[in-house]
Protein chains: 2
Amino acid sequence: MAPTRADTVYAGLRRAIIEQALAPGDKLPEDQIGRSFGVSRTLVRGALSRLQSEGLVHIRANRGAEVARPTLAEATDIFEMRRCLELEATRRLAARAGPDDIARLEAHLAEETASLGVNDTRSIRLAGEFHILLAELAGNQVLLGYVAELVSRCSLILALYGRPHSAECGVREHRDIIEALRRRDGDAAARLMQHHLDDVAGRALLSDPAARPRDLGAILEPYAG
Amino acid sequence: MAPTRADTVYAGLRRAIIEQALAPGDKLPEDQIGRSFGVSRTLVRGALSRLQSEGLVHIRANRGAEVARPTLAEATDIFEMRRCLELEATRRLAARAGPDDIARLEAHLAEETASLGVNDTRSIRLAGEFHILLAELAGNQVLLGYVAELVSRCSLILALYGRPHSAECGVREHRDIIEALRRRDGDAAARLMQHHLDDVAGRALLSDPAARPRDLGAILEPYAG
DNA sequence: TATGCCAATATTGTATACAATATATTGACG
DNA sequence: CGTCAATATATTGTATACAATATTGGCATA
């Protein structure tokens, strides 16, 4: 089941958005993206359409696609649902976590720690992926899909309204959550997760969305592989 | 913002699946569907791709699309999440429901009641839409989207594993839920909703998935408008 | 009759062409 | 100097063409 070229475009754009190489509001012209990835507009359209259904891209008829710019109301809804679903995941996992689950979480935490001052982009990505891993271990595929989607959309919101990233803050809290899960203490884990998510949401404070011109080709170059 | 023709195809296929005119496993060849709707394969592909991302259609590379056939494990996950999210919606609505909300629910209930022996397809659709309306009134767009998706996917599951529909059963329970919401009694409403959903899930019992040949053109004809 | 291989057919994967719509530019006029 | 209209350009909307892959049917062989 080799990933098709359409998947490559989809995944590349998705990463570029999540890692904030592409900022909310950036235009995404089909032919330009097609040139970057070496595919035709047909495939680009498909990728953009998928991204729209995940809420990462906004498409207006006859006016093209751009990286989604969630309103404050949408941002609120997204954070609310993220909290709801991640608490569900945390409780489920607390009720079923085995030693191998804990081991996977700790391995991930080690990666997070290792990347801390070294590679900022990687830090940001790993911090998000911790939450996705947790949802995966909770054992419900649908829950996993929704959490993954909401975590992605939160990157957008932080890019729009958040302070510049200080990725470090999360790691300690992640460790505490793992500890509670190891003790199978669902209430404690849920409480810690709730505080952690409130922290993240709290960083959603207005900063000026400085609009500088952007060279799409250069931005996408590292994602086109 | 006139709905484009791609949307027409998407919506038509979606309805055909949800109303069980198209059964799980039915093949969905692009050119045939294109002929039914009077559009090219390009637009059909887009629609199928969107339906896949909602879990209603399954696409395999070079082998085409078919109506999704959720496994029993997937069905379990879907029902679990549906319960989780609908309970959330019910509690939220109980905390905020105003007279106009109640009025809209009751208007819907009246439609459900009116269609009871008259039009089976319509009955099934309205029963599902009650849950979607409730989620809409809960006031979170993301929650609404997820509930709508899960309700759709449950139609698939009932088509696969469920007994033949007896739509009537739901209406009484819907009325009780509205009553609890009117009293702003969140606990009672959530409890009633939980029982109601357990009923629905309980109908997911094995029946033989009789595979008869199906005339795709005839099935789609009423949806192609 | 059963089985495996090869051609024939059908279906999807992708690019490109042309039409329709939106955006930008230019120039005239107040 | 600013505003509006007309045109030119760019971008999306859709269909079609051709290539690549899967499926089907027939034929030879055991």
# chains A, B, ... in the order shown; residues from 1 in each chain; ligands from 1
call {"tool": "residues_around", "arguments": {"residues": "DC6 (chain C)", "least_positions_apart": "4", "cutoff": "12 Å", "atoms": "only C-alpha atoms (C1' of nucleotides)", "output": "MDAnalysis selection string"}}
result
chainID D and resid 24:28
call {"tool": "residues_around", "arguments": {"residues": "region 120-124 of chain B", "least_positions_apart": "5", "cutoff": "12 Å", "atoms": "only C-alpha atoms (C1' of nucleotides)", "output": "ChimeraX atom specification"}}
result
/B:15-21,108-115,129-131,151-152,154-155,158-159,164-171
call {"tool": "interface_residues", "arguments": {"of": "chain D", "to": "chain B", "cutoff": "10 Å", "atoms": "only C-alpha atoms (C1' of nucleotides)", "output": "short mmCIF file (atom, residue, chain, number, x, y, z; two decimals) with C-alpha atoms (C1' of nucleotides), in the first residue's frame"}}
result
data_model
loop_
_atom_site.label_atom_id
_atom_site.label_comp_id
_atom_site.auth_asym_id
_atom_site.auth_seq_id
_atom_site.Cartn_x
_atom_site.Cartn_y
_atom_site.Cartn_z
"C1'" DG D 13 -14.14 24.80 -12.40
"C1'" DT D 14 -14.84 20.99 -15.22
"C1'" DA D 15 -14.29 17.73 -18.89
"C1'" DT D 16 -11.62 14.82 -21.49
"C1'" DA D 20 -1.24 2.51 -15.48
"C1'" DT D 21 -3.31 -1.04 -12.92
"C1'" DA D 22 -6.78 -4.50 -11.83
"C1'" DT D 23 -10.26 -7.77 -13.33
#
call {"tool": "closest_atom_pairs", "arguments": {"of": "chain C", "to": "chain B", "cutoff": "10 Å", "atoms": "only C-alpha atoms (C1' of nucleotides)", "output": "CSV"}}
result
residue,atom,partner,partner_atom,distance
C:DT11,C1',B:Gly64,CA,7.5
C:DT12,C1',B:Asn62,CA,5.0
C:DG13,C1',B:Asn62,CA,7.5
call {"tool": "write_last_selection", "arguments": {"atoms": "all heavy atoms", "output": "tab-separated table (two decimals), in the first residue's frame"}}
result
chain	number	residue	atom	x	y	z
C	11	DT	P	-16.31	-1.09	-15.48
C	11	DT	OP1	-17.31	-1.65	-14.55
C	11	DT	OP2	-16.71	-0.17	-16.56
C	11	DT	O5'	-15.20	-0.36	-14.61
C	11	DT	C5'	-14.50	-1.11	-13.62
C	11	DT	C4'	-13.32	-0.30	-13.14
C	11	DT	O4'	-12.30	-0.31	-14.17
C	11	DT	C3'	-13.64	1.18	-12.90
C	11	DT	O3'	-13.46	1.47	-11.54
C	11	DT	C2'	-12.67	1.93	-13.79
C	11	DT	C1'	-11.60	0.90	-14.09
C	11	DT	N1	-10.91	1.13	-15.39
C	11	DT	C2	-9.54	1.20	-15.40
C	11	DT	O2	-8.87	1.07	-14.39
C	11	DT	N3	-8.99	1.41	-16.63
C	11	DT	C4	-9.66	1.58	-17.83
C	11	DT	O4	-9.04	1.77	-18.88
C	11	DT	C5	-11.08	1.49	-17.75
C	11	DT	C7	-11.91	1.65	-18.99
C	11	DT	C6	-11.64	1.27	-16.54
C	12	DT	P	-13.61	2.97	-10.96
C	12	DT	OP1	-14.28	2.85	-9.65
C	12	DT	OP2	-14.16	3.84	-12.01
C	12	DT	O5'	-12.09	3.38	-10.70
C	12	DT	C5'	-11.28	2.52	-9.90
C	12	DT	C4'	-9.82	2.85	-10.07
C	12	DT	O4'	-9.46	2.84	-11.47
C	12	DT	C3'	-9.40	4.23	-9.55
C	12	DT	O3'	-8.17	4.10	-8.85
C	12	DT	C2'	-9.25	5.06	-10.82
C	12	DT	C1'	-8.73	4.00	-11.79
C	12	DT	N1	-8.95	4.31	-13.22
C	12	DT	C2	-7.86	4.39	-14.06
C	12	DT	O2	-6.70	4.22	-13.68
C	12	DT	N3	-8.16	4.66	-15.37
C	12	DT	C4	-9.41	4.86	-15.91
C	12	DT	O4	-9.55	5.09	-17.11
C	12	DT	C5	-10.49	4.77	-14.98
C	12	DT	C7	-11.90	4.98	-15.48
C	12	DT	C6	-10.22	4.50	-13.70
C	13	DG	P	-7.44	5.37	-8.19
C	13	DG	OP1	-6.72	4.94	-6.97
C	13	DG	OP2	-8.46	6.43	-8.10
C	13	DG	O5'	-6.36	5.81	-9.27
C	13	DG	C5'	-5.09	5.17	-9.28
C	13	DG	C4'	-4.06	6.02	-10.02
C	13	DG	O4'	-4.48	6.17	-11.39
C	13	DG	C3'	-3.90	7.43	-9.47
C	13	DG	O3'	-2.50	7.76	-9.48
C	13	DG	C2'	-4.69	8.30	-10.44
C	13	DG	C1'	-4.54	7.53	-11.76
C	13	DG	N9	-5.67	7.67	-12.66
C	13	DG	C8	-7.00	7.52	-12.36
C	13	DG	N7	-7.79	7.69	-13.39
C	13	DG	C5	-6.92	7.97	-14.43
C	13	DG	C6	-7.19	8.26	-15.80
C	13	DG	O6	-8.28	8.31	-16.37
C	13	DG	N1	-6.03	8.49	-16.52
C	13	DG	C2	-4.76	8.46	-15.99
C	13	DG	N2	-3.76	8.70	-16.83
C	13	DG	N3	-4.49	8.20	-14.72
C	13	DG	C4	-5.62	7.97	-14.00
call {"tool": "closest_atom_pairs", "arguments": {"of": "chain A", "to": "chain B", "cutoff": "7 Å", "atoms": "only C-alpha atoms", "output": "tab-separated table"}}
result
residue	atom	partner	partner_atom	distance
A:Gly46	CA	B:Gly46	CA	6.6
A:Arg50	CA	B:Arg50	CA	6.7
A:Asp77	CA	B:Asn140	CA	5.5
A:Ile78	CA	B:Val142	CA	6.4
A:Met81	CA	B:Leu143	CA	6.7
A:Asn140	CA	B:Asp77	CA	5.5
A:Gln141	CA	B:Asp77	CA	6.6
A:Val142	CA	B:Asp77	CA	6.3
A:Leu143	CA	B:Met81	CA	6.7
call {"tool": "residues_around", "arguments": {"residues": "DA8 (chain D)", "least_positions_apart": "2", "cutoff": "10 Å", "atoms": "only C-alpha atoms (C1' of nucleotides)", "output": "list in words"}}
result
DA24, DT25 and DT26 of chain C; DA6 and DA10 of chain D
call {"tool": "write_last_selection", "arguments": {"atoms": "N, CA, C and O atoms (P, O5', C5', C4', C3', O3' and C1' of nucleotides)", "output": "mmCIF file, in the first residue's frame"}}
result
data_model
loop_
_atom_site.group_PDB
_atom_site.id
_atom_site.type_symbol
_atom_site.label_atom_id
_atom_site.label_comp_id
_atom_site.auth_asym_id
_atom_site.auth_seq_id
_atom_site.Cartn_x
_atom_site.Cartn_y
_atom_site.Cartn_z
ATOM 1 P P DA C 24 -5.870 41.281 -6.496
ATOM 2 O "O5'" DA C 24 -5.281 41.919 -7.836
ATOM 3 C "C5'" DA C 24 -4.511 41.087 -8.692
ATOM 4 C "C4'" DA C 24 -4.074 41.867 -9.923
ATOM 5 C "C3'" DA C 24 -3.554 43.271 -9.647
ATOM 6 O "O3'" DA C 24 -2.384 43.468 -10.433
ATOM 7 C "C1'" DA C 24 -5.375 43.376 -11.165
ATOM 8 P P DT C 25 -1.581 44.859 -10.316
ATOM 9 O "O5'" DT C 25 -1.953 45.561 -11.696
ATOM 10 C "C5'" DT C 25 -1.952 44.761 -12.889
ATOM 11 C "C4'" DT C 25 -2.368 45.606 -14.077
ATOM 12 C "C3'" DT C 25 -1.844 47.048 -14.055
ATOM 13 O "O3'" DT C 25 -1.340 47.353 -15.340
ATOM 14 C "C1'" DT C 25 -4.196 47.043 -14.337
ATOM 15 P P DT C 26 -0.339 48.613 -15.530
ATOM 16 O "O5'" DT C 26 -1.130 49.520 -16.558
ATOM 17 C "C5'" DT C 26 -1.824 48.889 -17.653
ATOM 18 C "C4'" DT C 26 -3.015 49.722 -18.044
ATOM 19 C "C3'" DT C 26 -2.730 51.230 -18.149
ATOM 20 O "O3'" DT C 26 -2.781 51.600 -19.519
ATOM 21 C "C1'" DT C 26 -4.822 50.777 -17.095
ATOM 22 P P DA D 6 -17.842 50.321 -19.004
ATOM 23 O "O5'" DA D 6 -16.519 49.750 -19.673
ATOM 24 C "C5'" DA D 6 -15.640 50.675 -20.329
ATOM 25 C "C4'" DA D 6 -14.325 49.982 -20.629
ATOM 26 C "C3'" DA D 6 -14.474 48.579 -21.218
ATOM 27 O "O3'" DA D 6 -13.637 48.455 -22.354
ATOM 28 C "C1'" DA D 6 -13.073 48.512 -19.312
ATOM 29 P P DA D 10 -0.409 36.916 -15.805
ATOM 30 O "O5'" DA D 10 -1.299 36.305 -14.633
ATOM 31 C "C5'" DA D 10 -1.631 37.132 -13.522
ATOM 32 C "C4'" DA D 10 -2.646 36.421 -12.646
ATOM 33 C "C3'" DA D 10 -2.302 34.963 -12.338
ATOM 34 O "O3'" DA D 10 -2.520 34.750 -10.965
ATOM 35 C "C1'" DA D 10 -4.474 35.099 -13.235
#
call {"tool": "residues_around", "arguments": {"residues": "DA30 (chain D)", "least_positions_apart": "2", "cutoff": "12 Å", "atoms": "only C-alpha atoms (C1' of nucleotides)", "output": "mmCIF file with C-alpha atoms (C1' of nucleotides), in the first residue's frame"}}
result
data_model
loop_
_atom_site.group_PDB
_atom_site.id
_atom_site.type_symbol
_atom_site.label_atom_id
_atom_site.label_comp_id
_atom_site.auth_asym_id
_atom_site.auth_seq_id
_atom_site.Cartn_x
_atom_site.Cartn_y
_atom_site.Cartn_z
ATOM 1 C "C1'" DT C 1 -12.545 -31.232 -14.886
ATOM 2 C "C1'" DA C 2 -9.330 -28.297 -12.579
ATOM 3 C "C1'" DT C 3 -5.537 -24.978 -12.884
ATOM 4 C "C1'" DG C 4 -2.503 -21.591 -14.408
ATOM 5 C "C1'" DA D 28 -3.934 -24.667 -23.253
#
call {"tool": "residues_around", "arguments": {"residues": "region 27-30 of chain C", "least_positions_apart": "6", "cutoff": "9 Å", "atoms": "only C-alpha atoms (C1' of nucleotides)", "output": "mmCIF file with C-alpha atoms (C1' of nucleotides), in the first residue's frame"}}
result
data_model
loop_
_atom_site.group_PDB
_atom_site.id
_atom_site.type_symbol
_atom_site.label_atom_id
_atom_site.label_comp_id
_atom_site.auth_asym_id
_atom_site.auth_seq_id
_atom_site.Cartn_x
_atom_site.Cartn_y
_atom_site.Cartn_z
ATOM 1 C "C1'" DT D 3 -12.826 57.050 -8.502
ATOM 2 C "C1'" DC D 4 -14.867 54.251 -11.782
ATOM 3 C "C1'" DA D 5 -15.074 51.462 -15.964
#
call {"tool": "select_by_dssp", "arguments": {"residues": "region 22-208 of chain A", "states": "alpha helix (DSSP H)", "output": "PyMOL selection string"}}
result
chain A and resi 30-37+41-53+72-96+99-114+120-137+141-161+169-182+186-202
call {"tool": "decode", "arguments": {"residues": "region 71-96 of chain B", "atoms": "N, CA and C atoms", "output": "mmCIF file, in the first residue's frame"}}
result
data_model
loop_
_atom_site.group_PDB
_atom_site.id
_atom_site.type_symbol
_atom_site.label_atom_id
_atom_site.label_comp_id
_atom_site.auth_asym_id
_atom_site.auth_seq_id
_atom_site.Cartn_x
_atom_site.Cartn_y
_atom_site.Cartn_z
ATOM 1 N N THR B 71 -16.141 -2.897 10.311
ATOM 2 C CA THR B 71 -16.023 -4.139 11.064
ATOM 3 C C THR B 71 -16.755 -3.990 12.384
ATOM 4 N N LEU B 72 -16.918 -5.104 13.077
ATOM 5 C CA LEU B 72 -17.586 -5.054 14.366
ATOM 6 C C LEU B 72 -16.787 -4.190 15.338
ATOM 7 N N ALA B 73 -15.458 -4.267 15.257
ATOM 8 C CA ALA B 73 -14.618 -3.448 16.135
ATOM 9 C C ALA B 73 -14.831 -1.968 15.837
ATOM 10 N N GLU B 74 -14.862 -1.601 14.550
ATOM 11 C CA GLU B 74 -15.105 -0.210 14.207
ATOM 12 C C GLU B 74 -16.481 0.228 14.666
ATOM 13 N N ALA B 75 -17.455 -0.651 14.493
ATOM 14 C CA ALA B 75 -18.818 -0.324 14.915
ATOM 15 C C ALA B 75 -18.854 -0.023 16.408
ATOM 16 N N THR B 76 -18.132 -0.822 17.175
ATOM 17 C CA THR B 76 -18.078 -0.598 18.622
ATOM 18 C C THR B 76 -17.487 0.771 18.929
ATOM 19 N N ASP B 77 -16.374 1.078 18.295
ATOM 20 C CA ASP B 77 -15.732 2.380 18.511
ATOM 21 C C ASP B 77 -16.697 3.515 18.179
ATOM 22 N N ILE B 78 -17.384 3.382 17.063
ATOM 23 C CA ILE B 78 -18.277 4.449 16.622
ATOM 24 C C ILE B 78 -19.406 4.653 17.639
ATOM 25 N N PHE B 79 -20.007 3.558 18.081
ATOM 26 C CA PHE B 79 -21.106 3.699 19.044
ATOM 27 C C PHE B 79 -20.603 4.275 20.362
ATOM 28 N N GLU B 80 -19.430 3.858 20.792
ATOM 29 C CA GLU B 80 -18.859 4.406 22.032
ATOM 30 C C GLU B 80 -18.704 5.921 21.940
ATOM 31 N N MET B 81 -18.111 6.354 20.838
ATOM 32 C CA MET B 81 -17.882 7.796 20.701
ATOM 33 C C MET B 81 -19.191 8.541 20.528
ATOM 34 N N ARG B 82 -20.127 7.914 19.839
ATOM 35 C CA ARG B 82 -21.410 8.578 19.682
ATOM 36 C C ARG B 82 -22.053 8.791 21.047
ATOM 37 N N ARG B 83 -21.999 7.794 21.872
ATOM 38 C CA ARG B 83 -22.557 7.955 23.208
ATOM 39 C C ARG B 83 -21.838 9.076 23.952
ATOM 40 N N CYS B 84 -20.532 9.036 23.925
ATOM 41 C CA CYS B 84 -19.756 10.065 24.626
ATOM 42 C C CYS B 84 -20.153 11.460 24.173
ATOM 43 N N LEU B 85 -20.210 11.661 22.884
ATOM 44 C CA LEU B 85 -20.441 13.018 22.375
ATOM 45 C C LEU B 85 -21.895 13.437 22.518
ATOM 46 N N GLU B 86 -22.808 12.512 22.389
ATOM 47 C CA GLU B 86 -24.208 12.908 22.526
ATOM 48 C C GLU B 86 -24.552 13.195 23.981
ATOM 49 N N LEU B 87 -23.908 12.489 24.900
ATOM 50 C CA LEU B 87 -24.117 12.830 26.304
ATOM 51 C C LEU B 87 -23.590 14.233 26.573
ATOM 52 N N GLU B 88 -22.435 14.521 26.038
ATOM 53 C CA GLU B 88 -21.887 15.871 26.179
ATOM 54 C C GLU B 88 -22.870 16.905 25.624
ATOM 55 N N ALA B 89 -23.393 16.640 24.446
ATOM 56 C CA ALA B 89 -24.329 17.586 23.825
ATOM 57 C C ALA B 89 -25.575 17.746 24.690
ATOM 58 N N THR B 90 -26.079 16.655 25.198
ATOM 59 C CA THR B 90 -27.297 16.715 26.005
ATOM 60 C C THR B 90 -27.067 17.540 27.259
ATOM 61 N N ARG B 91 -25.942 17.307 27.922
ATOM 62 C CA ARG B 91 -25.674 18.066 29.148
ATOM 63 C C ARG B 91 -25.521 19.549 28.838
ATOM 64 N N ARG B 92 -24.794 19.838 27.770
ATOM 65 C CA ARG B 92 -24.625 21.242 27.404
ATOM 66 C C ARG B 92 -25.965 21.893 27.118
ATOM 67 N N LEU B 93 -26.778 21.213 26.363
ATOM 68 C CA LEU B 93 -28.059 21.813 25.998
ATOM 69 C C LEU B 93 -28.942 21.986 27.226
ATOM 70 N N ALA B 94 -28.911 21.007 28.124
ATOM 71 C CA ALA B 94 -29.731 21.124 29.335
ATOM 72 C C ALA B 94 -29.342 22.374 30.114
ATOM 73 N N ALA B 95 -28.078 22.750 30.030
ATOM 74 C CA ALA B 95 -27.603 23.899 30.796
ATOM 75 C C ALA B 95 -27.935 25.233 30.140
ATOM 76 N N ARG B 96 -28.383 25.220 28.896
ATOM 77 C CA ARG B 96 -28.542 26.477 28.190
ATOM 78 C C ARG B 96 -29.847 26.575 27.397
#
